[in-house]
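Trainee: The following file, run.cif, comprises mmCIF, N, CA and C atoms:
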data_final
loop_
_atom_site.label_atom_id
_atom_site.label_comp_id
_atom_site.auth_asym_id
_atom_site.auth_seq_id
_atom_site.Cartn_x
_atom_site.Cartn_y
_atom_site.Cartn_z
N MET A 1 0.87 -12.50 25.93
CA MET A 1 -0.37 -13.16 25.60
C MET A 1 -0.06 -14.61 25.25
N SER A 2 -0.82 -15.53 25.81
CA SER A 2 -0.60 -16.95 25.53
C SER A 2 -1.04 -17.28 24.10
N GLU A 3 -0.60 -18.43 23.62
CA GLU A 3 -0.99 -18.84 22.28
C GLU A 3 -2.51 -19.00 22.18
N ARG A 4 -3.12 -19.54 23.21
CA ARG A 4 -4.58 -19.72 23.22
C ARG A 4 -5.28 -18.37 23.10
N GLN A 5 -4.80 -17.38 23.80
CA GLN A 5 -5.39 -16.04 23.72
C GLN A 5 -5.19 -15.44 22.32
N GLN A 6 -4.03 -15.69 21.73
CA GLN A 6 -3.77 -15.20 20.38
C GLN A 6 -4.73 -15.84 19.37
N ILE A 7 -5.00 -17.11 19.54
CA ILE A 7 -5.92 -17.83 18.65
C ILE A 7 -7.32 -17.25 18.77
N ILE A 8 -7.77 -17.04 19.99
CA ILE A 8 -9.11 -16.47 20.21
C ILE A 8 -9.19 -15.08 19.61
N TYR A 9 -8.15 -14.30 19.79
CA TYR A 9 -8.11 -12.95 19.24
C TYR A 9 -8.19 -13.00 17.71
N MET A 10 -7.46 -13.93 17.09
CA MET A 10 -7.50 -14.07 15.64
C MET A 10 -8.89 -14.50 15.17
N GLN A 11 -9.48 -15.46 15.85
CA GLN A 11 -10.83 -15.92 15.48
C GLN A 11 -11.82 -14.77 15.53
N THR A 12 -11.72 -13.96 16.56
CA THR A 12 -12.62 -12.81 16.71
C THR A 12 -12.40 -11.80 15.60
N ARG A 13 -11.14 -11.49 15.30
CA ARG A 13 -10.84 -10.53 14.22
C ARG A 13 -11.40 -11.01 12.89
N ILE A 14 -11.22 -12.29 12.60
CA ILE A 14 -11.66 -12.83 11.32
C ILE A 14 -13.19 -12.85 11.24
N MET A 15 -13.85 -13.15 12.34
CA MET A 15 -15.31 -13.10 12.35
C MET A 15 -15.80 -11.68 12.07
N ARG A 16 -15.20 -10.69 12.70
CA ARG A 16 -15.60 -9.30 12.48
C ARG A 16 -15.33 -8.87 11.04
N LEU A 17 -14.18 -9.25 10.53
CA LEU A 17 -13.84 -8.90 9.15
C LEU A 17 -14.80 -9.58 8.17
N ALA A 18 -15.13 -10.83 8.42
CA ALA A 18 -16.09 -11.54 7.56
C ALA A 18 -17.44 -10.83 7.58
N SER A 19 -17.87 -10.40 8.74
CA SER A 19 -19.13 -9.68 8.87
C SER A 19 -19.12 -8.42 8.01
N GLU A 20 -18.02 -7.68 8.06
CA GLU A 20 -17.90 -6.45 7.27
C GLU A 20 -17.82 -6.74 5.77
N ARG A 21 -16.93 -7.63 5.39
CA ARG A 21 -16.68 -7.90 3.96
C ARG A 21 -17.84 -8.62 3.28
N TRP A 22 -18.46 -9.54 4.01
CA TRP A 22 -19.55 -10.32 3.42
C TRP A 22 -20.91 -9.67 3.66
N ASN A 23 -20.90 -8.52 4.34
CA ASN A 23 -22.12 -7.75 4.60
C ASN A 23 -23.20 -8.60 5.26
N LYS A 24 -22.79 -9.30 6.30
CA LYS A 24 -23.71 -10.15 7.06
C LYS A 24 -23.58 -9.81 8.54
N PRO A 25 -24.67 -9.89 9.29
CA PRO A 25 -24.59 -9.61 10.73
C PRO A 25 -23.76 -10.69 11.43
N MET A 26 -23.23 -10.33 12.59
CA MET A 26 -22.39 -11.27 13.36
C MET A 26 -23.12 -12.57 13.68
N VAL A 27 -24.42 -12.50 13.88
CA VAL A 27 -25.19 -13.73 14.16
C VAL A 27 -25.09 -14.69 12.98
N ALA A 28 -25.23 -14.16 11.77
CA ALA A 28 -25.14 -15.00 10.57
C ALA A 28 -23.73 -15.56 10.40
N ILE A 29 -22.72 -14.73 10.67
CA ILE A 29 -21.34 -15.20 10.58
C ILE A 29 -21.08 -16.29 11.60
N SER A 30 -21.58 -16.10 12.80
CA SER A 30 -21.41 -17.10 13.86
C SER A 30 -22.03 -18.44 13.45
N LYS A 31 -23.20 -18.39 12.84
CA LYS A 31 -23.86 -19.61 12.38
C LYS A 31 -23.05 -20.29 11.28
N LEU A 32 -22.54 -19.49 10.33
CA LEU A 32 -21.71 -20.06 9.26
C LEU A 32 -20.44 -20.69 9.82
N PHE A 33 -19.78 -19.96 10.71
CA PHE A 33 -18.54 -20.47 11.29
C PHE A 33 -18.79 -21.74 12.09
N THR A 34 -19.93 -21.81 12.75
CA THR A 34 -20.27 -23.02 13.51
C THR A 34 -20.58 -24.17 12.57
N LYS A 35 -21.39 -23.90 11.56
CA LYS A 35 -21.79 -24.94 10.61
C LYS A 35 -20.58 -25.59 9.94
N TYR A 36 -19.60 -24.77 9.57
CA TYR A 36 -18.44 -25.27 8.85
C TYR A 36 -17.20 -25.45 9.73
N ASP A 37 -17.37 -25.31 11.04
CA ASP A 37 -16.30 -25.52 12.01
C ASP A 37 -15.07 -24.66 11.70
N VAL A 38 -15.33 -23.41 11.34
CA VAL A 38 -14.26 -22.50 10.93
C VAL A 38 -13.35 -22.13 12.11
N LEU A 39 -13.89 -22.02 13.31
CA LEU A 39 -13.05 -21.67 14.44
C LEU A 39 -11.99 -22.74 14.70
N ARG A 40 -12.38 -24.00 14.54
CA ARG A 40 -11.41 -25.10 14.67
C ARG A 40 -10.36 -25.00 13.57
N TYR A 41 -10.83 -24.70 12.35
CA TYR A 41 -9.92 -24.56 11.21
C TYR A 41 -8.89 -23.46 11.47
N ILE A 42 -9.34 -22.32 11.97
CA ILE A 42 -8.41 -21.23 12.28
C ILE A 42 -7.42 -21.67 13.35
N GLU A 43 -7.91 -22.37 14.35
CA GLU A 43 -7.02 -22.85 15.41
C GLU A 43 -5.97 -23.82 14.86
N GLU A 44 -6.39 -24.75 14.01
CA GLU A 44 -5.46 -25.73 13.44
C GLU A 44 -4.43 -25.08 12.51
N CYS A 45 -4.82 -23.99 11.86
CA CYS A 45 -3.93 -23.32 10.91
C CYS A 45 -3.21 -22.12 11.52
N PHE A 46 -3.35 -21.93 12.82
CA PHE A 46 -2.81 -20.75 13.48
C PHE A 46 -1.33 -20.54 13.19
N ASP A 47 -0.53 -21.59 13.24
CA ASP A 47 0.91 -21.43 13.00
C ASP A 47 1.19 -20.82 11.63
N MET A 48 0.41 -21.19 10.64
CA MET A 48 0.57 -20.63 9.30
C MET A 48 -0.07 -19.25 9.22
N PHE A 49 -1.25 -19.10 9.82
CA PHE A 49 -2.00 -17.85 9.72
C PHE A 49 -1.35 -16.68 10.45
N HIS A 50 -0.66 -16.94 11.56
CA HIS A 50 -0.17 -15.82 12.35
C HIS A 50 0.87 -14.98 11.61
N ALA A 51 1.40 -15.51 10.53
CA ALA A 51 2.37 -14.77 9.72
C ALA A 51 1.70 -14.05 8.55
N GLN A 52 0.38 -14.20 8.42
CA GLN A 52 -0.36 -13.58 7.32
C GLN A 52 -1.23 -12.45 7.84
N GLY A 53 -1.65 -11.60 6.95
CA GLY A 53 -2.57 -10.53 7.30
C GLY A 53 -4.00 -11.06 7.36
N ASP A 54 -4.86 -10.28 7.99
CA ASP A 54 -6.26 -10.70 8.14
C ASP A 54 -6.96 -10.91 6.81
N GLU A 55 -6.65 -10.07 5.82
CA GLU A 55 -7.29 -10.22 4.50
C GLU A 55 -6.95 -11.58 3.88
N ALA A 56 -5.70 -11.98 3.99
CA ALA A 56 -5.27 -13.28 3.44
C ALA A 56 -5.94 -14.42 4.20
N ILE A 57 -6.04 -14.27 5.51
CA ILE A 57 -6.69 -15.31 6.31
C ILE A 57 -8.16 -15.42 5.93
N LEU A 58 -8.83 -14.28 5.78
CA LEU A 58 -10.24 -14.29 5.40
C LEU A 58 -10.43 -14.93 4.03
N GLU A 59 -9.54 -14.65 3.10
CA GLU A 59 -9.64 -15.27 1.78
C GLU A 59 -9.52 -16.79 1.89
N ASP A 60 -8.58 -17.25 2.70
CA ASP A 60 -8.42 -18.69 2.90
C ASP A 60 -9.64 -19.29 3.57
N VAL A 61 -10.18 -18.61 4.57
CA VAL A 61 -11.39 -19.09 5.28
C VAL A 61 -12.56 -19.14 4.30
N GLY A 62 -12.69 -18.15 3.44
CA GLY A 62 -13.76 -18.14 2.44
C GLY A 62 -13.66 -19.31 1.49
N THR A 63 -12.44 -19.65 1.12
CA THR A 63 -12.22 -20.81 0.25
C THR A 63 -12.56 -22.11 0.98
N TYR A 64 -12.18 -22.17 2.25
CA TYR A 64 -12.47 -23.34 3.07
C TYR A 64 -13.95 -23.56 3.14
#
Would it be possible to restate this file's structure as C-alpha cells?
Mentor:
Amino acid sequence: MSERQQIIYMQTRIMRLASERWNKPMVAISKLFTKYDVLRYIEECFDMFHAQGDEAILEDVGTY
C-alpha cells in the first residue's frame, strides 16, 4: 500500500472512530473535519501518527 493510500485509510478510520466516540453521524463529522481542515492535519502528522493507535490519534485530533 502506498503512503497516500495509508493516509486515506487512516483519515477514514479516524472519521469513523470520531463518529462512534462523539456520537455524531458521519455527515456531522465530515462537516467538522472540513471546517477545521482535520484531514490535512492528519496528512501532515502522518509520520508521527502511524506509530500511534487510533485512540491516541483521535485524542490528538480532538485537541486540535
Trainee: Based on DSSP run over this structure's backbone, return all residues of range 6-51 of chain A in alpha helix (DSSP H), as a compact mmCIF listing (two decimals) with N, CA and C atoms, in the coordinates of the input.
Mentor:
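What landed in out_30.txt:
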# COMPACT_ATOMS: atom_id res chain seq x y z
N GLN A 6 -4.03 -15.69 21.73
CA GLN A 6 -3.77 -15.20 20.38
C GLN A 6 -4.73 -15.84 19.37
N ILE A 7 -5.00 -17.11 19.54
CA ILE A 7 -5.92 -17.83 18.65
C ILE A 7 -7.32 -17.25 18.77
N ILE A 8 -7.77 -17.04 19.99
CA ILE A 8 -9.11 -16.47 20.21
C ILE A 8 -9.19 -15.08 19.61
N TYR A 9 -8.15 -14.30 19.79
CA TYR A 9 -8.11 -12.95 19.24
C TYR A 9 -8.19 -13.00 17.71
N MET A 10 -7.46 -13.93 17.09
CA MET A 10 -7.50 -14.07 15.64
C MET A 10 -8.89 -14.50 15.17
N GLN A 11 -9.48 -15.46 15.85
CA GLN A 11 -10.83 -15.92 15.48
C GLN A 11 -11.82 -14.77 15.53
N THR A 12 -11.72 -13.96 16.56
CA THR A 12 -12.62 -12.81 16.71
C THR A 12 -12.40 -11.80 15.60
N ARG A 13 -11.14 -11.49 15.30
CA ARG A 13 -10.84 -10.53 14.22
C ARG A 13 -11.40 -11.01 12.89
N ILE A 14 -11.22 -12.29 12.60
CA ILE A 14 -11.66 -12.83 11.32
C ILE A 14 -13.19 -12.85 11.24
N MET A 15 -13.85 -13.15 12.34
CA MET A 15 -15.31 -13.10 12.35
C MET A 15 -15.80 -11.68 12.07
N ARG A 16 -15.20 -10.69 12.70
CA ARG A 16 -15.60 -9.30 12.48
C ARG A 16 -15.33 -8.87 11.04
N LEU A 17 -14.18 -9.25 10.53
CA LEU A 17 -13.84 -8.90 9.15
C LEU A 17 -14.80 -9.58 8.17
N ALA A 18 -15.13 -10.83 8.42
CA ALA A 18 -16.09 -11.54 7.56
C ALA A 18 -17.44 -10.83 7.58
N SER A 19 -17.87 -10.40 8.74
CA SER A 19 -19.13 -9.68 8.87
C SER A 19 -19.12 -8.42 8.01
N GLU A 20 -18.02 -7.68 8.06
CA GLU A 20 -17.90 -6.45 7.27
C GLU A 20 -17.82 -6.74 5.77
N ARG A 21 -16.93 -7.63 5.39
CA ARG A 21 -16.68 -7.90 3.96
C ARG A 21 -17.84 -8.62 3.28
N MET A 26 -23.23 -10.33 12.59
CA MET A 26 -22.39 -11.27 13.36
C MET A 26 -23.12 -12.57 13.68
N VAL A 27 -24.42 -12.50 13.88
CA VAL A 27 -25.19 -13.73 14.16
C VAL A 27 -25.09 -14.69 12.98
N ALA A 28 -25.23 -14.16 11.77
CA ALA A 28 -25.14 -15.00 10.57
C ALA A 28 -23.73 -15.56 10.40
N ILE A 29 -22.72 -14.73 10.67
CA ILE A 29 -21.34 -15.20 10.58
C ILE A 29 -21.08 -16.29 11.60
N SER A 30 -21.58 -16.10 12.80
CA SER A 30 -21.41 -17.10 13.86
C SER A 30 -22.03 -18.44 13.45
N LYS A 31 -23.20 -18.39 12.84
CA LYS A 31 -23.86 -19.61 12.38
C LYS A 31 -23.05 -20.29 11.28
N LEU A 32 -22.54 -19.49 10.33
CA LEU A 32 -21.71 -20.06 9.26
C LEU A 32 -20.44 -20.69 9.82
N PHE A 33 -19.78 -19.96 10.71
CA PHE A 33 -18.54 -20.47 11.29
C PHE A 33 -18.79 -21.74 12.09
N THR A 34 -19.93 -21.81 12.75
CA THR A 34 -20.27 -23.02 13.51
C THR A 34 -20.58 -24.17 12.57
N LYS A 35 -21.39 -23.90 11.56
CA LYS A 35 -21.79 -24.94 10.61
C LYS A 35 -20.58 -25.59 9.94
N VAL A 38 -15.33 -23.41 11.34
CA VAL A 38 -14.26 -22.50 10.93
C VAL A 38 -13.35 -22.13 12.11
N LEU A 39 -13.89 -22.02 13.31
CA LEU A 39 -13.05 -21.67 14.44
C LEU A 39 -11.99 -22.74 14.70
N ARG A 40 -12.38 -24.00 14.54
CA ARG A 40 -11.41 -25.10 14.67
C ARG A 40 -10.36 -25.00 13.57
N TYR A 41 -10.83 -24.70 12.35
CA TYR A 41 -9.92 -24.56 11.21
C TYR A 41 -8.89 -23.46 11.47
N ILE A 42 -9.34 -22.32 11.97
CA ILE A 42 -8.41 -21.23 12.28
C ILE A 42 -7.42 -21.67 13.35
N GLU A 43 -7.91 -22.37 14.35
CA GLU A 43 -7.02 -22.85 15.41
C GLU A 43 -5.97 -23.82 14.86
N GLU A 44 -6.39 -24.75 14.01
CA GLU A 44 -5.46 -25.73 13.44
C GLU A 44 -4.43 -25.08 12.51
N PHE A 46 -3.35 -21.93 12.82
CA PHE A 46 -2.81 -20.75 13.48
C PHE A 46 -1.33 -20.54 13.19
N ASP A 47 -0.53 -21.59 13.24
CA ASP A 47 0.91 -21.43 13.00
C ASP A 47 1.19 -20.82 11.63
N MET A 48 0.41 -21.19 10.64
CA MET A 48 0.57 -20.63 9.30
C MET A 48 -0.07 -19.25 9.22
N PHE A 49 -1.25 -19.10 9.82
CA PHE A 49 -2.00 -17.85 9.72
C PHE A 49 -1.35 -16.68 10.45
Trainee: To one decimal in Å, tell me the separation between atom C of Tyr64 in chain A and atom C of Thr34 in chain A.
Mentor: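 Here the two named atoms are 11.5 Å from each other.
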Trainee: Give me the box for range 29-35 of chain A as AutoDock Vina command-line options, namely the centre and edge lengths in Å to one decimal of a box along x, y and z that holds every listed atom plus 3 Å on each side.
Mentor:
--center_x -21.2 --center_y -20.2 --center_z 11.6 --size_x 11.3 --size_y 16.9 --size_z 10.6
Trainee: Mind checking which residues fall within 8 Å of Asp54 in chain A, counting only N, CA and C atoms, ignoring those fewer than 5 positions away in the same chain, and posting them as a PyMOL selection string?
Mentor: chain A and resi 13-14+17+49+59-60
Trainee: In Å, rounded to a single decimal, give me how far CA of Thr12 in chain A is from CA of Ile29 in chain A.
Mentor: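 According to the coordinates, CA of Ile29 in chain A and CA of Thr12 in chain A are separated by 10.9 Å.
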Trainee: For range 2-39 of chain A of the structure just presented, write C-alpha atoms to a file, as a compact mmCIF listing (two decimals), in the first residue's frame.
Mentor:
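What follows is the written file selection38.txt:
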# COMPACT_ATOMS: atom_id res chain seq x y z
CA SER A 2 1.39 3.40 -0.94
CA GLU A 3 1.84 6.13 1.65
CA ARG A 4 -1.04 8.08 0.09
CA GLN A 5 -3.33 5.06 0.47
CA GLN A 6 -2.21 4.63 4.08
CA ILE A 7 -3.05 8.28 4.80
CA ILE A 8 -6.51 7.95 3.28
CA TYR A 9 -7.09 4.75 5.23
CA MET A 10 -6.06 6.50 8.48
CA GLN A 11 -8.29 9.50 7.75
CA THR A 12 -11.24 7.18 7.17
CA ARG A 13 -10.58 5.18 10.35
CA ILE A 14 -10.35 8.34 12.44
CA MET A 15 -13.55 9.76 10.96
CA ARG A 16 -15.41 6.53 11.77
CA LEU A 17 -13.98 6.42 15.28
CA ALA A 18 -14.90 10.07 15.85
CA SER A 19 -18.45 9.32 14.72
CA GLU A 20 -18.70 6.46 17.23
CA ARG A 21 -16.96 8.17 20.18
CA TRP A 22 -18.55 11.58 19.73
CA ASN A 23 -21.97 10.06 18.96
CA LYS A 24 -22.40 12.09 15.79
CA PRO A 25 -23.42 10.94 12.31
CA MET A 26 -20.74 10.74 9.62
CA VAL A 27 -22.24 13.79 7.89
CA ALA A 28 -21.66 15.89 11.01
CA ILE A 29 -18.12 14.52 11.40
CA SER A 30 -17.39 15.28 7.75
CA LYS A 31 -18.55 18.87 8.23
CA LEU A 32 -16.40 19.27 11.37
CA PHE A 33 -13.36 17.77 9.69
CA THR A 34 -13.86 20.05 6.69
CA LYS A 35 -14.42 23.17 8.81
CA TYR A 36 -11.24 22.60 10.81
CA ASP A 37 -9.20 21.04 7.96
CA VAL A 38 -8.63 17.90 10.01
CA LEU A 39 -7.88 15.69 7.00
